[in-house]
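Asker: Below is the file coords.cif, with mmCIF, C-alpha atoms and all ligand atoms.
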data_structure
#
loop_
_atom_site.label_atom_id
_atom_site.label_comp_id
_atom_site.auth_asym_id
_atom_site.auth_seq_id
_atom_site.Cartn_x
_atom_site.Cartn_y
_atom_site.Cartn_z
CA MET R 1 0.00 0.00 0.00
CA LYS R 2 1.31 3.41 -0.93
CA LEU R 3 2.54 5.61 1.92
CA SER R 4 0.10 8.39 1.01
CA ILE R 5 -2.84 5.97 1.31
CA ILE R 6 -1.64 4.76 4.70
CA ILE R 7 -1.31 8.37 5.90
CA CYS R 8 -4.77 9.30 4.56
CA PHE R 9 -6.23 6.17 6.17
CA THR R 10 -4.68 7.02 9.52
CA ILE R 11 -5.86 10.63 9.35
CA ALA R 12 -9.39 9.59 8.38
CA THR R 13 -9.55 7.04 11.19
CA ALA R 14 -8.25 9.49 13.76
CA GLY R 15 -10.63 12.17 12.45
CA LEU R 16 -13.63 9.91 12.78
CA ILE R 17 -12.70 8.71 16.23
CA LEU R 18 -11.79 12.15 17.51
CA ASN R 19 -14.41 14.22 15.67
CA ILE R 20 -15.48 16.79 18.24
CA LYS R 21 -18.68 18.74 18.22
CA HIS R 22 -18.14 22.37 17.44
CA THR R 23 -20.56 25.00 18.75
CA ASN R 24 -21.82 27.28 16.02
CA PRO R 25 -21.71 30.86 17.35
CA TYR R 26 -23.81 32.05 14.39
CA PHE R 27 -26.59 29.53 14.88
CA ASP R 28 -29.97 30.89 13.84
CA PRO R 29 -32.66 28.18 14.10
CA LYS R 30 -34.78 30.04 11.53
CA LYS R 31 -32.16 29.38 8.83
CA SER R 32 -32.36 25.96 7.21
CA HIS R 33 -28.60 25.80 6.52
CA HIS R 34 -27.62 26.49 10.15
CA THR R 35 -27.16 23.84 12.82
CA ALA R 36 -26.17 24.18 16.46
CA THR R 37 -22.80 22.66 15.57
CA GLY R 38 -22.17 24.28 12.17
CA PHE R 39 -23.87 24.29 8.79
CA LYS R 40 -25.67 21.89 6.47
CA ASN R 41 -27.05 21.66 2.96
CA PRO R 42 -30.78 22.28 3.13
CA TYR R 43 -31.56 20.19 0.04
CA LEU R 44 -29.66 17.04 0.96
CA ILE R 45 -31.16 14.47 3.27
CA SER R 46 -29.09 14.05 6.40
CA ASN R 47 -27.68 10.66 5.37
CA ASP R 48 -26.18 12.32 2.30
CA GLN R 49 -24.38 15.10 4.20
CA ARG R 50 -21.50 13.00 5.51
CA LYS R 51 -19.60 9.99 4.26
CA SER R 52 -19.10 6.82 6.22
CA PHE R 53 -15.66 5.58 7.12
CA SER R 54 -15.91 2.67 4.67
CA ASP R 55 -16.89 5.05 1.84
CA LEU R 56 -13.92 7.29 2.66
CA PHE R 57 -11.55 4.37 2.60
CA LYS R 58 -13.01 2.96 -0.62
CA MET R 59 -12.57 6.37 -2.24
CA MET R 60 -8.99 6.70 -1.00
CA ILE R 61 -7.88 3.47 -2.59
CA THR R 62 -9.62 4.11 -5.93
CA LYS R 63 -7.10 4.55 -8.72
CA ARG R 64 -6.59 8.12 -9.98
CA PRO R 65 -5.06 9.41 -13.17
CA ASN R 66 -1.42 10.35 -13.16
CA PRO R 67 -1.04 13.11 -15.77
CA LYS R 68 2.30 14.44 -16.89
CA ILE R 69 3.18 17.98 -15.89
CA ASP R 70 1.41 20.28 -18.32
CA GLU R 71 3.29 23.22 -19.74
CA VAL R 72 1.50 26.38 -18.71
CA LYS R 73 0.98 29.26 -21.07
CA GLN R 74 1.92 32.27 -18.97
CA LEU R 75 -0.04 35.46 -18.97
CA ASP R 76 1.78 38.21 -20.83
CA LEU R 77 2.57 40.79 -18.16
CA ASP R 78 2.92 43.72 -20.57
CA SER R 79 -0.50 43.00 -22.07
CA LEU R 80 -1.91 42.67 -18.57
CA SER R 81 -0.68 46.08 -17.45
CA GLN R 82 -1.70 47.69 -20.77
CA LYS R 83 -5.21 46.27 -20.52
CA ILE R 84 -5.58 47.50 -16.96
CA LYS R 85 -4.15 50.90 -17.83
CA LYS R 86 -6.56 51.26 -20.78
CA GLY R 87 -9.55 50.08 -18.73
CA LYS R 88 -10.20 46.95 -20.82
CA ASN R 89 -12.58 44.43 -19.29
CA PHE R 90 -11.45 40.81 -19.19
CA ILE R 91 -11.31 37.56 -17.26
CA THR R 92 -8.43 35.09 -17.27
CA TRP R 93 -8.06 31.64 -15.75
CA VAL R 94 -5.00 31.40 -13.49
CA GLY R 95 -5.63 27.71 -12.71
CA HIS R 96 -8.08 25.59 -10.67
CA SER R 97 -10.75 27.99 -9.30
CA THR R 98 -8.54 31.06 -9.39
CA MET R 99 -9.99 33.57 -11.83
CA LEU R 100 -8.61 37.07 -12.34
CA LEU R 101 -11.35 39.47 -13.37
CA HIS R 102 -10.95 43.11 -14.34
CA VAL R 103 -14.16 45.06 -14.99
CA ASN R 104 -15.06 48.73 -14.74
CA GLY R 105 -11.64 49.51 -13.25
CA LYS R 106 -11.88 46.92 -10.45
CA THR R 107 -9.73 43.82 -10.14
CA VAL R 108 -11.13 40.71 -8.49
CA LEU R 109 -9.52 37.38 -7.61
CA THR R 110 -11.43 34.21 -6.71
CA ASP R 111 -10.21 31.36 -4.46
CA PRO R 112 -6.52 32.16 -4.97
CA ILE R 113 -4.19 29.15 -4.93
CA PHE R 114 -0.61 29.58 -6.10
CA SER R 115 1.01 26.85 -3.99
CA ASP R 116 2.39 23.64 -5.43
CA ARG R 117 0.11 21.45 -3.37
CA CYS R 118 -3.42 21.86 -2.02
CA SER R 119 -2.67 20.46 1.37
CA PRO R 120 -1.88 21.53 4.95
CA VAL R 121 1.75 20.67 4.20
CA GLN R 122 3.84 21.22 1.09
CA PHE R 123 5.56 17.80 1.15
CA LEU R 124 2.40 15.71 0.84
CA GLY R 125 -0.99 16.02 -0.82
CA PRO R 126 -2.29 16.70 -4.34
CA LYS R 127 0.43 18.40 -6.39
CA ARG R 128 -0.45 20.67 -9.25
CA TYR R 129 0.36 19.45 -12.75
CA LEU R 130 -0.36 22.87 -14.21
CA ALA R 131 1.51 25.86 -12.80
CA PRO R 132 -0.38 29.13 -12.22
CA SER R 133 -0.46 31.29 -15.37
CA ILE R 134 0.96 34.21 -13.43
CA LYS R 135 3.27 34.36 -10.42
CA ILE R 136 1.64 35.71 -7.31
CA LYS R 137 4.18 38.52 -7.11
CA SER R 138 3.32 39.61 -10.68
CA LEU R 139 -0.38 40.10 -9.99
CA PRO R 140 -1.78 43.60 -10.43
CA LYS R 141 -3.25 45.43 -7.47
CA ILE R 142 -6.25 43.39 -6.33
CA ASP R 143 -9.30 45.27 -5.06
CA LEU R 144 -11.22 42.33 -3.71
CA ILE R 145 -10.96 38.61 -3.21
CA VAL R 146 -13.77 36.12 -2.60
CA ILE R 147 -13.28 32.77 -0.87
CA SER R 148 -15.84 29.99 -1.36
CA HIS R 149 -14.96 27.67 1.55
CA SER R 150 -12.23 26.26 3.75
CA HIS R 151 -10.94 23.28 1.70
CA TYR R 152 -7.25 23.45 0.88
CA ASP R 153 -7.72 23.76 -2.88
CA HIS R 154 -9.75 26.97 -2.32
CA LEU R 155 -8.25 28.50 0.82
CA ASP R 156 -4.48 28.35 0.49
CA LYS R 157 -2.65 29.84 3.45
CA ASN R 158 0.56 30.73 1.59
CA SER R 159 -1.38 32.55 -1.13
CA VAL R 160 -3.62 34.34 1.35
CA LYS R 161 -0.66 35.48 3.46
CA ASN R 162 1.11 36.79 0.40
CA LEU R 163 -1.92 38.61 -0.98
CA GLY R 164 -2.75 39.89 2.50
CA LYS R 165 0.40 42.03 2.46
CA ASP R 166 -1.69 44.61 0.61
CA SER R 167 -3.92 45.77 3.44
CA SER R 168 -6.20 47.66 1.02
CA THR R 169 -7.45 44.44 -0.61
CA ILE R 170 -10.88 43.55 0.76
CA TRP R 171 -11.67 39.88 1.46
CA PHE R 172 -15.13 38.35 1.45
CA VAL R 173 -15.53 35.02 3.19
CA PRO R 174 -18.45 32.80 4.29
CA LEU R 175 -19.46 32.66 7.97
CA GLY R 176 -16.87 31.26 10.34
CA LEU R 177 -13.70 32.06 8.41
CA LYS R 178 -12.95 35.61 9.54
CA THR R 179 -11.04 34.52 12.64
CA TRP R 180 -8.75 32.38 10.46
CA PHE R 181 -7.84 35.51 8.48
CA ASN R 182 -7.44 37.67 11.58
CA ASP R 183 -5.15 35.05 13.10
CA ILE R 184 -2.73 35.36 10.18
CA GLY R 185 -2.79 39.15 10.38
CA ILE R 186 -5.45 40.03 7.78
CA GLN R 187 -8.10 42.40 9.13
CA ASN R 188 -9.86 43.74 6.02
CA VAL R 189 -12.34 40.87 5.91
CA PHE R 190 -16.12 40.74 5.61
CA GLU R 191 -17.69 37.53 6.85
CA MET R 192 -21.12 36.88 5.39
CA ASP R 193 -24.06 34.51 5.52
CA TRP R 194 -26.09 33.44 2.47
CA PHE R 195 -28.18 36.28 1.02
CA GLU R 196 -26.29 38.97 2.91
CA GLU R 197 -24.99 41.94 0.96
CA GLN R 198 -22.11 44.39 1.33
CA LYS R 199 -21.47 47.54 -0.65
CA THR R 200 -18.11 49.08 -1.28
CA SER R 201 -17.19 51.77 -3.84
CA ASN R 202 -19.26 50.88 -6.94
CA ILE R 203 -19.30 47.17 -6.04
CA ASN R 204 -22.08 45.11 -4.46
CA ILE R 205 -21.17 41.72 -3.08
CA ILE R 206 -23.80 39.18 -2.19
CA CYS R 207 -23.00 35.89 -0.52
CA LEU R 208 -25.16 33.13 -2.05
CA PRO R 209 -25.65 29.38 -1.54
CA SER R 210 -23.73 26.46 -2.96
CA GLN R 211 -24.11 22.78 -2.06
CA HIS R 212 -20.87 21.73 -0.46
CA TRP R 213 -19.18 21.26 2.90
CA SER R 214 -16.12 22.41 4.81
CA LYS R 215 -13.17 20.86 6.58
CA ARG R 216 -9.76 22.16 7.39
CA SER R 217 -8.65 20.27 10.45
CA LEU R 218 -8.75 16.75 11.73
CA LEU R 219 -11.35 17.46 14.35
CA LYS R 220 -13.94 19.65 12.65
CA SER R 221 -16.07 19.53 9.56
CA PHE R 222 -19.16 21.47 8.42
CA ASP R 223 -18.01 24.04 11.02
CA THR R 224 -17.65 27.01 8.62
CA LEU R 225 -20.01 27.97 5.81
CA TRP R 226 -19.50 27.45 2.05
CA SER R 227 -20.90 29.80 -0.56
CA SER R 228 -21.05 31.16 -4.06
CA TRP R 229 -20.63 34.91 -4.69
CA PHE R 230 -22.46 37.49 -6.76
CA ILE R 231 -20.24 40.45 -7.54
CA LYS R 232 -21.84 43.46 -9.18
CA ILE R 233 -19.39 46.06 -10.46
CA GLY R 234 -21.35 49.01 -11.78
CA ALA R 235 -24.00 47.34 -13.96
CA PHE R 236 -21.86 44.24 -14.68
CA LYS R 237 -23.06 41.06 -12.97
CA PHE R 238 -20.63 38.23 -12.22
CA TRP R 239 -21.41 35.04 -10.28
CA PHE R 240 -18.69 32.75 -8.93
CA ALA R 241 -20.15 29.32 -8.18
CA GLY R 242 -17.41 28.22 -5.75
CA ASP R 243 -17.41 24.44 -5.34
CA THR R 244 -20.75 22.74 -5.49
CA GLY R 245 -23.06 19.82 -6.07
CA TYR R 246 -26.37 20.20 -7.88
CA ASN R 247 -29.93 20.48 -6.72
CA GLU R 248 -33.05 21.61 -8.52
CA ILE R 249 -33.76 24.49 -6.15
CA GLN R 250 -30.87 26.73 -5.16
CA PHE R 251 -29.50 27.65 -8.59
CA LYS R 252 -32.92 28.35 -10.04
CA GLN R 253 -33.54 30.53 -6.99
CA ILE R 254 -30.28 32.41 -7.59
CA GLY R 255 -31.24 32.89 -11.25
CA ASP R 256 -34.76 34.04 -10.42
CA ILE R 257 -33.73 36.52 -7.77
CA TYR R 258 -30.37 37.81 -9.04
CA GLY R 259 -30.05 36.70 -12.67
CA PRO R 260 -29.48 37.05 -15.48
CA PHE R 261 -25.71 37.26 -15.06
CA ASP R 262 -23.34 38.70 -17.65
CA LEU R 263 -20.67 36.18 -16.69
CA THR R 264 -20.39 33.20 -14.36
CA ALA R 265 -17.51 30.90 -13.36
CA ILE R 266 -18.72 27.30 -12.88
CA PRO R 267 -16.75 24.19 -11.85
CA ILE R 268 -16.50 21.44 -14.47
CA GLY R 269 -14.07 18.93 -12.93
CA ALA R 270 -13.54 16.66 -9.87
CA TYR R 271 -16.79 14.69 -10.12
CA GLU R 272 -15.97 10.93 -10.23
CA PRO R 273 -16.76 8.49 -8.76
CA ARG R 274 -20.35 9.71 -8.69
CA TRP R 275 -21.37 7.51 -5.75
CA PHE R 276 -18.93 9.54 -3.64
CA MET R 277 -18.84 12.96 -5.33
CA LYS R 278 -22.38 13.51 -6.57
CA ASN R 279 -23.70 15.55 -3.64
CA PHE R 280 -20.79 17.97 -3.49
CA HIS R 281 -19.25 18.19 -6.98
CA ILE R 282 -21.20 18.74 -10.17
CA ASN R 283 -20.40 16.83 -13.35
CA PRO R 284 -20.27 18.62 -16.74
CA LYS R 285 -23.97 17.96 -17.39
CA GLU R 286 -24.84 19.65 -14.12
CA SER R 287 -22.43 22.50 -14.92
CA ILE R 288 -24.57 23.19 -17.96
CA SER R 289 -27.75 22.90 -15.84
CA ILE R 290 -26.37 25.51 -13.46
CA HIS R 291 -25.41 27.74 -16.40
CA LYS R 292 -29.06 27.63 -17.46
CA ASP R 293 -30.60 27.74 -13.95
CA VAL R 294 -28.78 30.91 -12.91
CA LYS R 295 -29.53 32.52 -16.31
CA SER R 296 -25.93 33.04 -17.30
CA LYS R 297 -25.24 34.84 -20.56
CA LYS R 298 -21.69 33.54 -20.64
CA SER R 299 -19.99 30.95 -18.42
CA ILE R 300 -16.39 30.01 -18.01
CA GLY R 301 -15.31 26.61 -16.66
CA MET R 302 -12.97 26.18 -13.68
CA HIS R 303 -11.95 23.60 -11.05
CA PHE R 304 -10.27 21.30 -13.60
CA GLY R 305 -6.91 20.73 -15.23
CA THR R 306 -4.76 21.68 -12.24
CA PHE R 307 -4.80 19.10 -9.41
CA VAL R 308 -5.81 15.45 -9.50
CA LEU R 309 -8.49 15.32 -6.80
CA THR R 310 -10.80 12.64 -8.16
CA THR R 311 -10.84 9.65 -10.49
CA GLU R 312 -12.05 10.91 -13.88
CA PRO R 313 -9.43 11.24 -16.63
CA VAL R 314 -8.12 14.81 -16.53
CA LEU R 315 -9.26 15.72 -20.04
CA GLU R 316 -12.73 14.23 -19.65
CA PRO R 317 -14.44 17.41 -18.33
CA ILE R 318 -13.32 19.30 -21.43
CA GLU R 319 -14.53 16.57 -23.81
CA LYS R 320 -17.86 16.23 -22.01
CA ILE R 321 -18.59 19.96 -22.00
CA LYS R 322 -17.70 20.14 -25.70
CA SER R 323 -20.05 17.30 -26.60
CA LEU R 324 -22.88 18.71 -24.45
CA VAL R 325 -22.50 22.06 -26.18
CA ALA R 326 -22.48 20.33 -29.59
CA GLU R 327 -25.68 18.42 -28.74
CA ASP R 328 -27.68 21.48 -27.69
CA LYS R 329 -27.37 24.50 -29.94
CA SER R 330 -29.56 26.59 -27.63
CA PHE R 331 -26.55 27.82 -25.72
CA GLU R 332 -23.89 27.67 -28.42
CA GLY R 333 -20.93 29.91 -27.61
CA GLU R 334 -22.14 30.55 -24.08
CA PHE R 335 -19.91 28.07 -22.21
CA VAL R 336 -16.17 28.60 -22.51
CA ILE R 337 -13.51 26.14 -21.40
CA PRO R 338 -10.62 28.42 -20.60
CA GLU R 339 -6.96 28.02 -21.42
CA THR R 340 -4.31 29.69 -19.34
CA GLY R 341 -2.55 32.77 -20.70
CA ILE R 342 -5.64 33.99 -22.55
CA PHE R 343 -7.51 37.21 -21.80
CA TYR R 344 -11.21 36.61 -22.43
CA THR R 345 -12.64 39.98 -23.37
CA ILE R 346 -15.80 41.08 -21.60
CA ASP R 347 -18.07 43.25 -23.74
CA LEU R 348 -20.22 45.51 -21.64
ZN ZN F 401 -12.48 22.05 -4.77
#
Once you've parsed the file, please lay out its structure as structure tokens.
Answerer:
Amino acid sequence: MKLSIIICFTIATAGLILNIKHTNPYFDPKKSHHTATGFKNPYLISNDQRKSFSDLFKMMITKRPNPKIDEVKQLDLDSLSQKIKKGKNFITWVGHSTMLLHVNGKTVLTDPIFSDRCSPVQFLGPKRYLAPSIKIKSLPKIDLIVISHSHYDHLDKNSVKNLGKDSSTIWFVPLGLKTWFNDIGIQNVFEMDWFEEQKTSNINIICLPSQHWSKRSLLKSFDTLWSSWFIKIGAFKFWFAGDTGYNEIQFKQIGDIYGPFDLTAIPIGAYEPRWFMKNFHINPKESISIHKDVKSKKSIGMHFGTFVLTTEPVLEPIEKIKSLVAEDKSFEGEFVIPETGIFYTIDL
């Protein structure tokens, strides 16, 4: 048995044995996603919220792809500064769920991860096979950053610490994560519950649902909230899906209340095996359903092509999205699978 499997097995066992009950200081019994000990997904039955030990172990020993290191097409830094200087509107995929968006003079980053591994330690854990398209130190000034949840592939301590050196950057995080930021010296943080809104110079930020979970330590899970984010910059409407499973209710609700969106970023990868992933990670078919449910005019894929987290072949999400788009002409040209190093122009 591989060393990494033995370590994962030991951690999972210890976690299950030692799992302590956290008290949720935000608990509001009127809210269907709150519990006295943390948070839950209102549209999953309770048996589907957590995995059993045997399921965890079965998943751990399932064979995963082993892709070769992909050569990354870097973002051209001169073009980047020219575009920002000239007020051009664009989005570019940095890797995984990290999107760099520049619209109406504001620069936004989502779930920044620039580390080599998405793991509590940098000597073990999923290692990226695609480098970020830009070095963290080469990023332009970032006005705001949204974080979807506490998992290591979305909340990367090294990246956050680095980006936190600019104290003018504003961070938006779901309930329960603010203390984590404060503890590493970042104070400019808004912590929000689903459907709460913040306004800051020409930008409205609304924290919205996703169907997921959270875990960052051995002893706690479901202790902090997960979310998607609606960012309105002037009249431009962007929705970042975060990491999510599908249900028939929440995305239609987002579309009905807040849509249509000019642009959305939707995960397309990390969905197999379905018996394990289905409740928390959408597959490409569901990515398209979400694109339609939220009434997105244009969507860009993310959460693929960077780390091996699950068992599907690494190119499968791309092929599946392409064939779904080919089958249904009703949304032709609306769903983009991004490549690194490309500026996708946003026409306002
Ligand atoms: Zn993820």
Asker: Could you pull the residues within 8 Å of R:Ile254, counting all atoms listed in the file, minus those fewer than 6 positions along the same chain, as an MDAnalysis selection string?
Answerer: chainID R and resid 208 293:294
Asker: For ligand ZN 401 (chain F), which residue out of R:Ser54, R:Ser214, R:Ser115, R:Asn162 is the nearest one, using all atoms listed in the file?
Answerer: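 Ranking R:Ser54, R:Ser214, R:Ser115, R:Asn162 by distance to ligand ZN 401 (chain F), first place goes to R:Ser214.
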Asker: Given the choices R:Lys199, R:Lys278, R:His96, R:Lys86, which gets closest to ligand ZN 401 (chain F) if the distance is worked out from only C-alpha atoms and all ligand atoms?
Answerer: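 Looking at the shortest contact to ligand ZN 401 (chain F), the residue is R:His96.
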Asker: Taking only C-alpha atoms and all ligand atoms and a cut-off of 10 Å, can you tell me which residues surround ligand ZN 401 (chain F), written as a ChimeraX atom specification?
Answerer: /R:96-97,111,118,148-155,212,242-244,267,269-270,280-281,302-304,307,309
Asker: Which residue, R:Asn279, R:Thr345, R:Gln122, R:Ser133, has the smallest gap to R:Met99 when you use all atoms listed in the file?
Answerer: R:Ser133
Asker: With all atoms listed in the file counted and 12 Å as the cut-off, give the residues of stretch 237-343 of chain R in contact with stretch 33-49 of chain R, each with its shortest interatomic distance in Å and the pair that gives it, as a tab-separated table.
Answerer:
residue	atom	partner	partner_atom	distance
R:Thr244	CA	R:Asn41	CA	10.6
R:Gly245	CA	R:Leu44	CA	10.0
R:Tyr246	CA	R:Tyr43	CA	9.5
R:Asn247	CA	R:Tyr43	CA	7.0
R:Glu248	CA	R:Tyr43	CA	8.8
R:Ile249	CA	R:Tyr43	CA	7.9
R:Gln250	CA	R:Tyr43	CA	8.4
R:Phe251	CA	R:Tyr43	CA	11.6
R:Trp275	CA	R:Asp48	CA	10.5
R:Phe276	CA	R:Asp48	CA	9.8
R:Met277	CA	R:Asp48	CA	10.6
R:Lys278	CA	R:Asp48	CA	9.7
R:Asn279	CA	R:Asp48	CA	7.2
R:Phe280	CA	R:Gln49	CA	9.0
Asker: How would the residues just picked look written out with C-alpha atoms as a PDB file, in the frame of the given file?
Answerer:
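See selection27.pdb below for the written result:
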ATOM      1  CA  THR R 244     -20.750  22.740  -5.490  1.00  0.00           C
ATOM      2  CA  GLY R 245     -23.060  19.820  -6.070  1.00  0.00           C
ATOM      3  CA  TYR R 246     -26.370  20.200  -7.880  1.00  0.00           C
ATOM      4  CA  ASN R 247     -29.930  20.480  -6.720  1.00  0.00           C
ATOM      5  CA  GLU R 248     -33.050  21.610  -8.520  1.00  0.00           C
ATOM      6  CA  ILE R 249     -33.760  24.490  -6.150  1.00  0.00           C
ATOM      7  CA  GLN R 250     -30.870  26.730  -5.160  1.00  0.00           C
ATOM      8  CA  PHE R 251     -29.500  27.650  -8.590  1.00  0.00           C
ATOM      9  CA  TRP R 275     -21.370   7.510  -5.750  1.00  0.00           C
ATOM     10  CA  PHE R 276     -18.930   9.540  -3.640  1.00  0.00           C
ATOM     11  CA  MET R 277     -18.840  12.960  -5.330  1.00  0.00           C
ATOM     12  CA  LYS R 278     -22.380  13.510  -6.570  1.00  0.00           C
ATOM     13  CA  ASN R 279     -23.700  15.550  -3.640  1.00  0.00           C
ATOM     14  CA  PHE R 280     -20.790  17.970  -3.490  1.00  0.00           C
TER      15      PHE R 280
END
Asker: Please provide as a list of chain:residue names all residues within 12 Å of R:Val121, with the sequence filter that same-chain residues fewer than 3 positions apart are discarded (counting only C-alpha atoms).
Answerer: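 Within the cut-off, the hits are R:Ser115, R:Asp116, R:Arg117, R:Cys118, R:Leu124, R:Gly125, R:Pro126, R:Lys127, R:Tyr152, R:Asp156, R:Lys157, R:Asn158.
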Asker: Residues near R:Ile346, anyone? I mean within 12 Å using all atoms listed in the file, not counting same-chain ones fewer than 6 positions away, as a PDB file with C-alpha atoms, in the frame of the given file.
Answerer:
ATOM      1  CA  LYS R  83      -5.210  46.270 -20.520  1.00  0.00           C
ATOM      2  CA  GLY R  87      -9.550  50.080 -18.730  1.00  0.00           C
ATOM      3  CA  LYS R  88     -10.200  46.950 -20.820  1.00  0.00           C
ATOM      4  CA  ASN R  89     -12.580  44.430 -19.290  1.00  0.00           C
ATOM      5  CA  PHE R  90     -11.450  40.810 -19.190  1.00  0.00           C
ATOM      6  CA  ILE R  91     -11.310  37.560 -17.260  1.00  0.00           C
ATOM      7  CA  THR R  92      -8.430  35.090 -17.270  1.00  0.00           C
ATOM      8  CA  LEU R 101     -11.350  39.470 -13.370  1.00  0.00           C
ATOM      9  CA  HIS R 102     -10.950  43.110 -14.340  1.00  0.00           C
ATOM     10  CA  VAL R 103     -14.160  45.060 -14.990  1.00  0.00           C
ATOM     11  CA  ASN R 104     -15.060  48.730 -14.740  1.00  0.00           C
ATOM     12  CA  PHE R 236     -21.860  44.240 -14.680  1.00  0.00           C
ATOM     13  CA  LYS R 237     -23.060  41.060 -12.970  1.00  0.00           C
ATOM     14  CA  PHE R 238     -20.630  38.230 -12.220  1.00  0.00           C
ATOM     15  CA  ASP R 262     -23.340  38.700 -17.650  1.00  0.00           C
ATOM     16  CA  LEU R 263     -20.670  36.180 -16.690  1.00  0.00           C
ATOM     17  CA  THR R 264     -20.390  33.200 -14.360  1.00  0.00           C
ATOM     18  CA  LYS R 297     -25.240  34.840 -20.560  1.00  0.00           C
ATOM     19  CA  LYS R 298     -21.690  33.540 -20.640  1.00  0.00           C
ATOM     20  CA  SER R 299     -19.990  30.950 -18.420  1.00  0.00           C
ATOM     21  CA  ILE R 300     -16.390  30.010 -18.010  1.00  0.00           C
TER      22      ILE R 300
END
Asker: Rounded to one decimal, what separation in Å do you get between atom CA of R:Pro260 and atom CA of R:Lys295?
Answerer: 4.6 Å
Asker: Of the residues R:Ile268, R:Ile233, R:Ile290, R:Ile184, which is the one nearest to R:Ile318, using all atoms listed in the file?
Answerer: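 Nearest to R:Ile318: R:Ile268.
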